[in-house]
Amino acid sequence: MASNRIFENQTGTYKGNAEIHYVNSAGMAIEVLDPTNLYMIAGRGMGKTTQIQARRSIRIMRAMPGAYFAFVGDYYSNLLSNTVPSMLKGWNDIGIKEGVHYVTNERPLSPTFMTTKKSEILETK
């Protein structure tokens, strides 16, 4: 089965609409290999959060709209100071916008949140 990040819909058709994203060599290898489980030891500035984790999380969101997932760290303060800002920067670089595709520091509105159709989530871009 082909990866859904290349094709525009589940039938596998491709209409020629492509986006260009810059990535380092490690990020390119991970994009090409697309492992189910990724274990990586890398130093600072490797793009672990802004490139690799951001792209993989977007792929998960598109493959399973409405699904819950979490970012886990050793300390809450470490997540707030390092991981979350880098993740948001990675999402913004890809084109995912705050207030349109995701919200921060807001509780979801229960009627709207629970009744949003998956097709509406996929169409907003």
# chains A, B, ... in the order shown; residues from 1 in each chain; ligands from 1

$ residues_around --residues "A:Lys97" --least-positions-apart "6" --cutoff "10 Å" --atoms "only C-alpha atoms" --output "list of chain:residue names"
A:Leu88, A:Lys89, A:Trp91, A:Val103, A:Lys125

$ write_last_selection --atoms "C-alpha atoms" --output "mmCIF file, in the first residue's frame"
data_model
loop_
_atom_site.group_PDB
_atom_site.id
_atom_site.type_symbol
_atom_site.label_atom_id
_atom_site.label_comp_id
_atom_site.auth_asym_id
_atom_site.auth_seq_id
_atom_site.Cartn_x
_atom_site.Cartn_y
_atom_site.Cartn_z
ATOM 1 C CA LEU A 88 4.745 24.819 16.888
ATOM 2 C CA LYS A 89 7.549 26.335 14.801
ATOM 3 C CA TRP A 91 4.005 23.128 12.191
ATOM 4 C CA VAL A 103 -5.383 25.944 19.339
ATOM 5 C CA LYS A 125 -5.827 23.821 5.109
#

$ atom_distance --atom1 "atom CA of A:Gly90" --atom2 "atom CA of A:Pro35"
19.8 Å

$ residues_around --residues "A:Ile94" --least-positions-apart "5" --cutoff "12 Å" --atoms "only C-alpha atoms" --output "ChimeraX atom specification"
/A:19-23,50-59,87-89,101,125

$ write_last_selection --atoms "C-alpha atoms" --output "short mmCIF file (atom, residue, chain, number, x, y, z; two decimals), in the first residue's frame"
data_model
loop_
_atom_site.label_atom_id
_atom_site.label_comp_id
_atom_site.auth_asym_id
_atom_site.auth_seq_id
_atom_site.Cartn_x
_atom_site.Cartn_y
_atom_site.Cartn_z
CA GLU A 19 4.79 21.04 -2.01
CA ILE A 20 8.48 21.72 -1.49
CA HIS A 21 9.87 21.38 2.03
CA TYR A 22 13.52 21.69 2.97
CA VAL A 23 14.98 19.04 5.23
CA THR A 50 10.98 21.12 14.10
CA GLN A 51 11.36 18.77 11.13
CA ILE A 52 11.11 15.09 11.96
CA GLN A 53 8.56 15.04 14.78
CA ALA A 54 6.46 17.84 13.27
CA ARG A 55 6.16 16.06 9.91
CA ARG A 56 5.43 12.69 11.48
CA SER A 57 2.72 14.19 13.71
CA ILE A 58 1.09 15.88 10.69
CA ARG A 59 1.09 12.54 8.86
CA MET A 87 6.89 21.73 17.50
CA LEU A 88 4.75 24.82 16.89
CA LYS A 89 7.55 26.33 14.80
CA HIS A 101 -5.72 23.98 12.46
CA LYS A 125 -5.83 23.82 5.11
#

$ residues_around --residues "A:Ser25" --least-positions-apart "4" --cutoff "12 Å" --atoms "only C-alpha atoms" --output "list in words"
Ala29, Ile30, Glu31, Val32, Met46, Gly47, Lys48, Gln51 and Ile52 of chain A

$ atom_distance --atom1 "atom CA of A:Tyr102" --atom2 "atom CA of A:Ile41"
28.8 Å

$ atom_distance --atom1 "atom CA of A:Arg62" --atom2 "atom CA of A:Ile96"
12.0 Å

$ closest_residue --among "A:Tyr75, A:Asn92, A:Thr36, A:Gly43" --to "A:Ile60" --atoms "only C-alpha atoms"
A:Thr36
